[in-house]
$ cat my_file30.json   # JSON, C-alpha atoms
[["chain", "number", "residue", "atom", "x", "y", "z"],
["A", 2, "MET", "CA", 92.52, -58.14, 21.77],
["A", 3, "ALA", "CA", 89.43, -56.42, 20.43],
["A", 4, "MET", "CA", 87.72, -56.94, 23.77],
["A", 5, "LEU", "CA", 90.66, -55.31, 25.58],
["A", 6, "GLU", "CA", 90.54, -52.36, 23.20],
["A", 7, "ARG", "CA", 86.81, -51.99, 23.82],
["A", 8, "ALA", "CA", 87.33, -52.25, 27.59],
["A", 9, "PHE", "CA", 90.19, -49.77, 27.70],
["A", 10, "PRO", "CA", 89.62, -47.28, 24.83],
["A", 11, "LYS", "CA", 92.01, -44.36, 24.39],
["A", 12, "GLN", "CA", 90.01, -41.66, 26.11],
["A", 13, "GLU", "CA", 90.51, -39.14, 28.89],
["A", 14, "LEU", "CA", 87.92, -39.13, 31.65],
["A", 15, "ARG", "CA", 87.50, -35.45, 32.55],
["A", 16, "ASP", "CA", 86.81, -34.20, 36.04],
["A", 17, "PRO", "CA", 83.37, -32.70, 36.69],
["A", 18, "SER", "CA", 83.16, -28.90, 36.61],
["A", 19, "TRP", "CA", 82.68, -28.56, 40.39],
["A", 20, "MET", "CA", 85.90, -30.52, 40.93],
["A", 21, "ARG", "CA", 87.79, -28.31, 38.50],
["A", 22, "LEU", "CA", 86.35, -25.27, 40.28],
["A", 23, "ILE", "CA", 87.63, -26.47, 43.66],
["A", 24, "PHE", "CA", 91.01, -27.88, 42.67],
["A", 25, "ALA", "CA", 92.06, -25.82, 39.64],
["A", 26, "ASP", "CA", 90.25, -22.45, 39.59],
["A", 27, "THR", "CA", 92.26, -19.40, 40.67],
["A", 28, "ARG", "CA", 89.08, -17.72, 42.01],
["A", 29, "LEU", "CA", 89.30, -20.08, 44.99],
["A", 30, "ALA", "CA", 93.01, -19.34, 45.52],
["A", 31, "PRO", "CA", 92.35, -17.29, 48.73],
["A", 32, "LEU", "CA", 90.76, -20.35, 50.40],
["A", 33, "TRP", "CA", 93.69, -22.54, 49.39],
["A", 34, "ALA", "CA", 96.11, -19.89, 50.65],
["A", 35, "LEU", "CA", 94.42, -19.96, 54.07],
["A", 36, "ALA", "CA", 94.55, -23.77, 54.24],
["A", 37, "ARG", "CA", 98.17, -23.77, 53.07],
["A", 38, "MET", "CA", 99.27, -21.11, 55.57],
["A", 39, "TYR", "CA", 97.52, -22.89, 58.45],
["A", 40, "LEU", "CA", 99.23, -26.17, 57.57],
["A", 41, "GLY", "CA", 102.57, -24.40, 57.11],
["A", 42, "TYR", "CA", 102.23, -22.64, 60.45],
["A", 43, "GLN", "CA", 101.55, -25.98, 62.19],
["A", 44, "TRP", "CA", 104.63, -27.56, 60.62],
["A", 45, "LEU", "CA", 106.81, -24.56, 61.39],
["A", 46, "LEU", "CA", 105.62, -24.62, 65.00],
["A", 47, "ALA", "CA", 106.34, -28.35, 65.32],
["A", 48, "GLY", "CA", 109.77, -27.94, 63.72],
["A", 49, "TRP", "CA", 110.55, -24.90, 65.85],
["A", 50, "HIS", "CA", 109.96, -26.91, 69.05],
["A", 51, "LYS", "CA", 112.32, -29.63, 67.82],
["A", 52, "MET", "CA", 114.98, -27.22, 66.59],
["A", 53, "TRP", "CA", 115.01, -24.32, 69.06],
["A", 54, "GLY", "CA", 112.51, -25.13, 71.83],
["A", 55, "ASP", "CA", 113.28, -25.87, 75.50],
["A", 56, "GLU", "CA", 112.91, -29.61, 74.86],
["A", 57, "ARG", "CA", 114.58, -29.55, 71.46],
["A", 58, "TRP", "CA", 115.71, -32.70, 69.68],
["A", 59, "ILE", "CA", 118.92, -31.38, 68.16],
["A", 60, "ASN", "CA", 121.92, -29.21, 68.98],
["A", 61, "VAL", "CA", 121.80, -30.17, 72.65],
["A", 62, "PRO", "CA", 124.68, -30.84, 75.05],
["A", 63, "GLY", "CA", 125.37, -34.56, 74.74],
["A", 64, "GLU", "CA", 123.70, -36.88, 72.29],
["A", 65, "ASP", "CA", 121.27, -35.51, 69.69],
["A", 66, "GLY", "CA", 117.86, -37.09, 69.12],
["A", 67, "LEU", "CA", 117.29, -38.68, 72.54],
["A", 68, "PRO", "CA", 113.58, -37.63, 72.56],
["A", 69, "LEU", "CA", 113.24, -39.36, 69.17],
["A", 70, "ALA", "CA", 114.95, -42.46, 70.58],
["A", 71, "GLY", "CA", 112.43, -42.39, 73.43],
["A", 72, "PHE", "CA", 109.54, -42.11, 70.95],
["A", 73, "TRP", "CA", 110.86, -45.04, 68.90],
["A", 74, "THR", "CA", 111.41, -47.11, 72.06],
["A", 75, "ARG", "CA", 107.81, -46.53, 73.20],
["A", 76, "ALA", "CA", 106.47, -47.18, 69.69],
["A", 77, "THR", "CA", 108.31, -50.48, 69.26],
["A", 78, "SER", "CA", 107.56, -51.86, 72.74],
["A", 79, "PHE", "CA", 104.91, -54.42, 73.62],
["A", 80, "PRO", "CA", 102.73, -53.38, 76.58],
["A", 81, "ALA", "CA", 101.87, -55.91, 79.31],
["A", 82, "GLU", "CA", 98.19, -55.46, 78.46],
["A", 83, "GLY", "CA", 96.44, -54.38, 75.29],
["A", 84, "SER", "CA", 97.75, -54.07, 71.74],
["A", 85, "PRO", "CA", 101.13, -52.54, 70.76],
["A", 86, "PRO", "CA", 101.21, -48.99, 69.31],
["A", 87, "ILE", "CA", 102.42, -50.27, 65.90],
["A", 88, "LYS", "CA", 100.13, -52.67, 64.03],
["A", 89, "TYR", "CA", 102.51, -53.62, 61.21],
["A", 90, "ASP", "CA", 105.48, -55.86, 62.03],
["A", 91, "TRP", "CA", 107.52, -54.59, 59.07],
["A", 92, "TYR", "CA", 107.22, -50.99, 60.33],
["A", 93, "ARG", "CA", 108.16, -52.02, 63.90],
["A", 94, "ASP", "CA", 111.21, -53.86, 62.50],
["A", 95, "PHE", "CA", 112.13, -50.75, 60.49],
["A", 96, "LEU", "CA", 112.01, -48.49, 63.56],
["A", 97, "LYS", "CA", 113.80, -51.10, 65.67],
["A", 98, "TYR", "CA", 116.60, -51.29, 63.10],
["A", 99, "MET", "CA", 117.02, -47.49, 63.15],
["A", 100, "LEU", "CA", 116.92, -47.48, 66.96],
["A", 101, "ASP", "CA", 119.49, -50.29, 67.31],
["A", 102, "ASN", "CA", 121.86, -48.49, 64.92],
["A", 103, "GLU", "CA", 121.41, -45.17, 66.76],
["A", 104, "TRP", "CA", 120.08, -43.48, 63.65],
["A", 105, "TYR", "CA", 118.04, -41.14, 65.86],
["A", 106, "GLN", "CA", 121.17, -38.96, 66.16],
["A", 107, "TRP", "CA", 121.00, -37.83, 62.53],
["A", 108, "PHE", "CA", 117.36, -38.64, 61.82],
["A", 109, "SER", "CA", 116.26, -36.09, 64.43],
["A", 110, "TRP", "CA", 118.01, -33.42, 62.29],
["A", 111, "VAL", "CA", 116.18, -34.67, 59.19],
["A", 112, "ILE", "CA", 112.82, -34.44, 60.96],
["A", 113, "ALA", "CA", 113.47, -31.03, 62.57],
["A", 114, "PHE", "CA", 114.78, -29.45, 59.35],
["A", 115, "GLY", "CA", 112.11, -31.22, 57.27],
["A", 116, "GLU", "CA", 109.31, -29.82, 59.41],
["A", 117, "VAL", "CA", 110.72, -26.28, 59.37],
["A", 118, "LEU", "CA", 111.36, -26.37, 55.60],
["A", 119, "ALA", "CA", 107.92, -27.85, 54.83],
["A", 120, "GLY", "CA", 106.34, -25.19, 57.07],
["A", 121, "VAL", "CA", 108.18, -22.27, 55.45],
["A", 122, "ALA", "CA", 107.57, -23.61, 51.92],
["A", 123, "LEU", "CA", 103.85, -23.93, 52.62],
["A", 124, "ILE", "CA", 103.63, -20.45, 54.15],
["A", 125, "VAL", "CA", 105.38, -18.73, 51.23],
["A", 126, "GLY", "CA", 103.72, -21.06, 48.71],
["A", 127, "ALA", "CA", 106.91, -22.35, 47.07],
["A", 128, "PHE", "CA", 106.70, -25.87, 45.59],
["A", 129, "THR", "CA", 103.43, -26.17, 47.51],
["A", 130, "GLY", "CA", 102.58, -29.64, 46.18],
["A", 131, "LEU", "CA", 105.97, -31.06, 47.12],
["A", 132, "ALA", "CA", 105.86, -29.41, 50.57],
["A", 133, "ALA", "CA", 102.38, -30.85, 51.18],
["A", 134, "LEU", "CA", 103.62, -34.27, 50.04],
["A", 135, "ALA", "CA", 106.56, -34.05, 52.46],
["A", 136, "GLY", "CA", 104.18, -33.07, 55.27],
["A", 137, "ALA", "CA", 101.76, -35.88, 54.43],
["A", 138, "THR", "CA", 104.66, -38.37, 54.43],
["A", 139, "MET", "CA", 105.71, -37.25, 57.91],
["A", 140, "ASN", "CA", 102.08, -37.43, 59.17],
["A", 141, "PHE", "CA", 101.75, -40.89, 57.64],
["A", 142, "ASN", "CA", 104.88, -42.12, 59.42],
["A", 143, "PHE", "CA", 103.86, -40.63, 62.77],
["A", 144, "MET", "CA", 100.47, -42.34, 62.43],
["A", 145, "LEU", "CA", 102.08, -45.66, 61.46],
["A", 146, "ALA", "CA", 104.17, -45.34, 64.64],
["A", 147, "GLY", "CA", 100.94, -45.11, 66.64],
["A", 148, "SER", "CA", 100.87, -41.36, 67.31],
["A", 149, "ALA", "CA", 97.50, -39.74, 66.53],
["A", 150, "SER", "CA", 97.65, -36.18, 67.97],
["A", 151, "THR", "CA", 96.97, -33.63, 65.18],
["A", 152, "ASN", "CA", 98.35, -35.95, 62.49],
["A", 153, "PRO", "CA", 95.02, -37.17, 60.98],
["A", 154, "VAL", "CA", 93.72, -33.61, 60.47],
["A", 155, "LEU", "CA", 97.01, -32.34, 59.07],
["A", 156, "PHE", "CA", 97.26, -35.40, 56.81],
["A", 157, "VAL", "CA", 93.81, -34.81, 55.28],
["A", 158, "LEU", "CA", 94.61, -31.13, 54.79],
["A", 159, "ALA", "CA", 97.91, -32.02, 53.09],
["A", 160, "ILE", "CA", 96.17, -34.47, 50.76],
["A", 161, "LEU", "CA", 93.59, -31.84, 49.80],
["A", 162, "ILE", "CA", 96.41, -29.34, 49.11],
["A", 163, "LEU", "CA", 98.14, -32.01, 47.01],
["A", 164, "PHE", "CA", 94.99, -32.32, 44.88],
["A", 165, "GLY", "CA", 94.90, -28.54, 44.53],
["A", 166, "TRP", "CA", 98.64, -28.12, 43.92],
["A", 167, "LYS", "CA", 98.13, -26.00, 40.78],
["A", 168, "VAL", "CA", 96.16, -23.32, 42.60],
["A", 169, "ALA", "CA", 97.23, -23.73, 46.27],
["A", 170, "GLY", "CA", 100.36, -21.62, 45.72],
["A", 171, "TRP", "CA", 98.69, -19.01, 43.47],
["A", 172, "ILE", "CA", 98.81, -16.46, 46.30],
["A", 173, "GLY", "CA", 102.43, -17.36, 46.83],
["A", 174, "ILE", "CA", 105.75, -17.88, 45.05],
["A", 175, "ASP", "CA", 104.30, -20.68, 42.89],
["A", 176, "ARG", "CA", 102.36, -17.94, 41.02],
["A", 177, "TRP", "CA", 105.73, -17.15, 39.34],
["A", 178, "LEU", "CA", 107.77, -20.27, 40.08],
["A", 179, "LEU", "CA", 105.57, -22.86, 38.34],
["A", 180, "PRO", "CA", 105.21, -20.99, 35.00],
["A", 181, "ALA", "CA", 108.98, -20.37, 35.00],
["A", 182, "LEU", "CA", 110.06, -23.92, 35.87],
["A", 183, "GLY", "CA", 107.11, -25.73, 34.32],
["A", 184, "THR", "CA", 106.36, -29.37, 34.99],
["A", 185, "PRO", "CA", 108.07, -32.58, 33.85],
["A", 186, "TRP", "CA", 105.41, -32.92, 31.10],
["A", 187, "GLU", "CA", 105.38, -29.24, 30.08],
["A", 188, "PRO", "CA", 108.65, -27.26, 30.30],
["A", 189, "GLY", "CA", 108.37, -23.72, 31.65],
["A", 190, "ARG", "CA", 109.74, -20.43, 30.35],
["A", 191, "LEU", "CA", 113.24, -20.98, 31.77],
["A", 192, "ALA", "CA", 113.58, -24.43, 30.17],
["A", 193, "GLN", "CA", 112.21, -23.12, 26.85],
["A", 194, "THR", "CA", 114.67, -20.20, 26.84],
["A", 195, "ALA", "CA", 117.59, -22.55, 27.57],
["A", 196, "SER", "CA", 116.40, -24.94, 24.85],
["A", 197, "ALA", "CA", 116.06, -22.10, 22.29],
["A", 198, "ARG", "CA", 119.56, -20.87, 23.15],
["A", 199, "MET", "CA", 120.99, -24.37, 22.68],
["A", 200, "HIS", "CA", 119.25, -24.68, 19.30],
["A", 201, "ALA", "CA", 120.61, -21.30, 18.20],
["A", 202, "GLU", "CA", 124.14, -22.25, 19.26],
["A", 203, "GLY", "CA", 123.80, -25.59, 17.51],
["A", 204, "ALA", "CA", 122.68, -23.90, 14.27],
["A", 205, "ARG", "CA", 125.59, -21.45, 14.46],
["A", 206, "GLY", "CA", 128.09, -24.27, 15.06],
["A", 207, "SER", "CA", 126.78, -26.57, 12.33],
["A", 208, "PRO", "CA", 128.56, -26.68, 8.96],
["A", 209, "PRO", "CA", 126.88, -24.81, 6.06],
["B", 9, "MET", "CA", 118.68, -2.53, 35.69],
["B", 10, "ASP", "CA", 115.32, -1.34, 37.08],
["B", 11, "ARG", "CA", 113.87, -4.75, 36.25],
["B", 12, "LEU", "CA", 116.64, -6.43, 38.24],
["B", 13, "VAL", "CA", 116.04, -4.17, 41.25],
["B", 14, "LEU", "CA", 112.30, -4.83, 41.13],
["B", 15, "LEU", "CA", 112.86, -8.56, 40.74],
["B", 16, "LEU", "CA", 115.13, -8.41, 43.78],
["B", 17, "LEU", "CA", 112.41, -6.50, 45.65],
["B", 18, "GLY", "CA", 109.93, -9.30, 44.90],
["B", 19, "VAL", "CA", 112.37, -11.97, 46.06],
["B", 20, "LEU", "CA", 113.14, -9.98, 49.23],
["B", 21, "ALA", "CA", 109.43, -9.58, 49.94],
["B", 22, "TRP", "CA", 108.95, -13.36, 49.97],
["B", 23, "LEU", "CA", 112.12, -13.87, 51.98],
["B", 24, "GLY", "CA", 110.63, -11.37, 54.42],
["B", 25, "VAL", "CA", 107.54, -13.55, 54.75],
["B", 26, "ALA", "CA", 109.69, -16.53, 55.71],
["B", 27, "VAL", "CA", 111.62, -14.43, 58.26],
["B", 28, "ILE", "CA", 108.41, -12.97, 59.75],
["B", 29, "ALA", "CA", 106.89, -16.47, 60.03],
["B", 30, "VAL", "CA", 109.93, -17.77, 61.95],
["B", 31, "LEU", "CA", 110.05, -14.65, 64.18],
["B", 32, "VAL", "CA", 106.32, -14.89, 64.95],
["B", 33, "VAL", "CA", 106.59, -18.57, 65.90],
["B", 34, "ASN", "CA", 109.67, -17.74, 67.95],
["B", 35, "ALA", "CA", 107.84, -14.95, 69.81],
["B", 36, "TRP", "CA", 104.45, -16.52, 70.47],
["B", 37, "GLU", "CA", 105.07, -20.26, 70.04],
["B", 38, "ASP", "CA", 101.61, -21.83, 70.41],
["B", 39, "GLU", "CA", 100.24, -19.47, 73.07],
["B", 40, "ASN", "CA", 97.80, -17.80, 70.71],
["B", 41, "GLN", "CA", 97.67, -19.42, 67.30],
["B", 42, "ILE", "CA", 95.13, -16.98, 65.83],
["B", 43, "LEU", "CA", 97.17, -13.94, 66.92],
["B", 44, "ALA", "CA", 100.32, -15.54, 65.47],
["B", 45, "PHE", "CA", 98.56, -16.40, 62.21],
["B", 46, "LEU", "CA", 97.50, -12.80, 61.44],
["B", 47, "PRO", "CA", 100.95, -11.22, 60.85],
["B", 48, "ILE", "CA", 101.98, -14.23, 58.72],
["B", 49, "ALA", "CA", 98.85, -13.91, 56.57],
["B", 50, "ALA", "CA", 99.35, -10.13, 56.32],
["B", 51, "ALA", "CA", 102.97, -10.60, 55.21],
["B", 52, "VAL", "CA", 101.88, -13.09, 52.53],
["B", 53, "ILE", "CA", 99.27, -10.66, 51.19],
["B", 54, "VAL", "CA", 101.78, -7.76, 51.09],
["B", 55, "ALA", "CA", 104.43, -9.89, 49.33],
["B", 56, "TRP", "CA", 101.88, -11.15, 46.82],
["B", 57, "GLY", "CA", 100.74, -7.57, 46.17],
["B", 58, "ILE", "CA", 104.34, -6.49, 45.51],
["B", 59, "GLY", "CA", 104.80, -9.44, 43.16],
["B", 60, "GLU", "CA", 101.60, -8.67, 41.27],
["B", 61, "TYR", "CA", 102.51, -4.97, 40.97],
["B", 62, "VAL", "CA", 105.98, -5.76, 39.63],
["B", 63, "THR", "CA", 104.60, -8.37, 37.21],
["B", 64, "GLU", "CA", 101.85, -6.13, 35.84],
["B", 65, "ASN", "CA", 103.65, -2.81, 35.71],
["B", 66, "VAL", "CA", 107.14, -3.83, 34.71],
["B", 67, "PHE", "CA", 107.40, -7.27, 33.14],
["B", 68, "GLU", "CA", 104.05, -7.59, 31.32],
["B", 69, "LYS", "CA", 104.21, -3.94, 30.19],
["B", 70, "ASP", "CA", 107.68, -4.55, 28.72],
["B", 71, "GLY", "CA", 106.38, -7.68, 27.05],
["B", 72, "GLU", "CA", 103.48, -5.79, 25.41],
["B", 73, "GLU", "CA", 105.87, -3.12, 24.12],
["B", 74, "ALA", "CA", 108.16, -5.76, 22.70],
["B", 75, "VAL", "CA", 105.24, -7.38, 20.87],
["B", 76, "ARG", "CA", 104.08, -4.01, 19.49],
["B", 77, "GLY", "CA", 107.66, -3.18, 18.47],
["B", 78, "ASP", "CA", 107.97, -6.47, 16.62],
["B", 79, "ALA", "CA", 104.75, -5.75, 14.71]]

$ encode --input "my_file30.json" --output "structure tokens"
Amino acid sequence: MAMLERAFPKQELRDPSWMRLIFADTRLAPLWALARMYLGYQWLLAGWHKMWGDERWINVPGEDGLPLAGFWTRATSFPAEGSPPIKYDWYRDFLKYMLDNEWYQWFSWVIAFGEVLAGVALIVGAFTGLAALAGATMNFNFMLAGSASTNPVLFVLAILILFGWKVAGWIGIDRWLLPALGTPWEPGRLAQTASARMHAEGARGSPP
Amino acid sequence: MDRLVLLLLGVLAWLGVAVIAVLVVNAWEDENQILAFLPIAAAVIVAWGIGEYVTENVFEKDGEEAVRGDA
């Protein structure tokens, strides 16, 4: 027990100053804003093609999501020569299950709306960390399905923005949204006001 | 009432950024990404400037007065 306490003492390992400068200093907010807007623009563009473009995935005459079905079919197939696009059997089974159950019809809407929403949220800097996480998740899934394209670059950018979530939306709506809403471990102004009001009402309603 | 109008102005400014971003992508698609990026970046800077102005000149000023009044 004493050895465990020595090995894992109660202490916080602080980040070095250069790391705090990059990921938490508002002086570098303009750089984060550029990175965030570029990533947002890329997502909005990708979502726009799927939602309103000539070869859109959704809202088409006939069945929705046929391009997605084609992508899943190619991803889950085994070529005559060489290795298959997907390395992991569990992921191939997952896509195959969705393909067999024709989930592409509604999943294409999820992807198209998800890309547009993530793009707009990143551009205006609202819930930047969550938008970057959503983008990274989509990149991760496209890469697991064997599609490289711009995904590796966008994924790295999204991860960097995730690390800098506190400052990435400073030149954006998060400048006002985060202090108002707060975080799960530190309630913001709105939560504090609501809590104070509840306390006041409780005190008024309690017997003397 | 003025505070509400200014708050609405700030919200509208950021909504405007979202609308401009969608319109720009709709107009230029990926023909010229740098040209398309400029109006989006400009809209973000304008909206942020409006937000900063409203915050500094209306909300924080009111807050200071309230603190002084309490004292």

$ closest_residue --input "my_file30.json" --among "B:Tyr61, B:Val66, B:Val52, B:Arg11" --to "Gly24 (chain B)" --atoms "all atoms listed in the file"
B:Val52

$ closest_atom_pairs --input "my_file30.json" --of "chain B" --to "chain A" --cutoff "7 Å" --atoms "all atoms listed in the file" --output "JSON lines"
{"residue": "B:Trp22", "atom": "CA", "partner": "A:Val125", "partner_atom": "CA", "distance": 6.6}
{"residue": "B:Val25", "atom": "CA", "partner": "A:Val125", "partner_atom": "CA", "distance": 6.6}
{"residue": "B:Ala26", "atom": "CA", "partner": "A:Val121", "partner_atom": "CA", "distance": 5.9}
{"residue": "B:Val33", "atom": "CA", "partner": "A:Leu46", "partner_atom": "CA", "distance": 6.2}
{"residue": "B:Glu37", "atom": "CA", "partner": "A:Leu46", "partner_atom": "CA", "distance": 6.7}
{"residue": "B:Val52", "atom": "CA", "partner": "A:Val125", "partner_atom": "CA", "distance": 6.8}
{"residue": "B:Trp56", "atom": "CA", "partner": "A:Ile172", "partner_atom": "CA", "distance": 6.2}

$ closest_residue --input "my_file30.json" --among "A:Leu40, A:Met2, A:Leu145, A:Ala25" --to "Trp73 (chain A)" --atoms "all atoms listed in the file"
A:Leu145

$ atom_distance --input "my_file30.json" --atom1 "CA of Asp101 (chain A)" --atom2 "CA of Asp55 (chain A)"
26.5 Å

$ closest_residue --input "my_file30.json" --among "A:Gly170, A:Gly165, A:Gly115, A:Pro85" --to "Gly147 (chain A)" --atoms "all atoms listed in the file"
A:Pro85

$ residues_around --input "my_file30.json" --residues "Leu69 (chain A)" --least-positions-apart "2" --cutoff "8 Å" --atoms "only C-alpha atoms" --output "VMD selection string"
chain A and resid 58 66 to 67 71 to 73 105 109

$ atom_distance --input "my_file30.json" --atom1 "CA of Tyr92 (chain A)" --atom2 "CA of Thr138 (chain A)"
14.2 Å

$ atom_distance --input "my_file30.json" --atom1 "CA of Met52 (chain A)" --atom2 "CA of Phe114 (chain A)"
7.6 Å

$ closest_residue --input "my_file30.json" --among "B:Ala49, B:Ala44, B:Val19, B:Val13" --to "Val32 (chain B)" --atoms "only C-alpha atoms"
B:Ala44
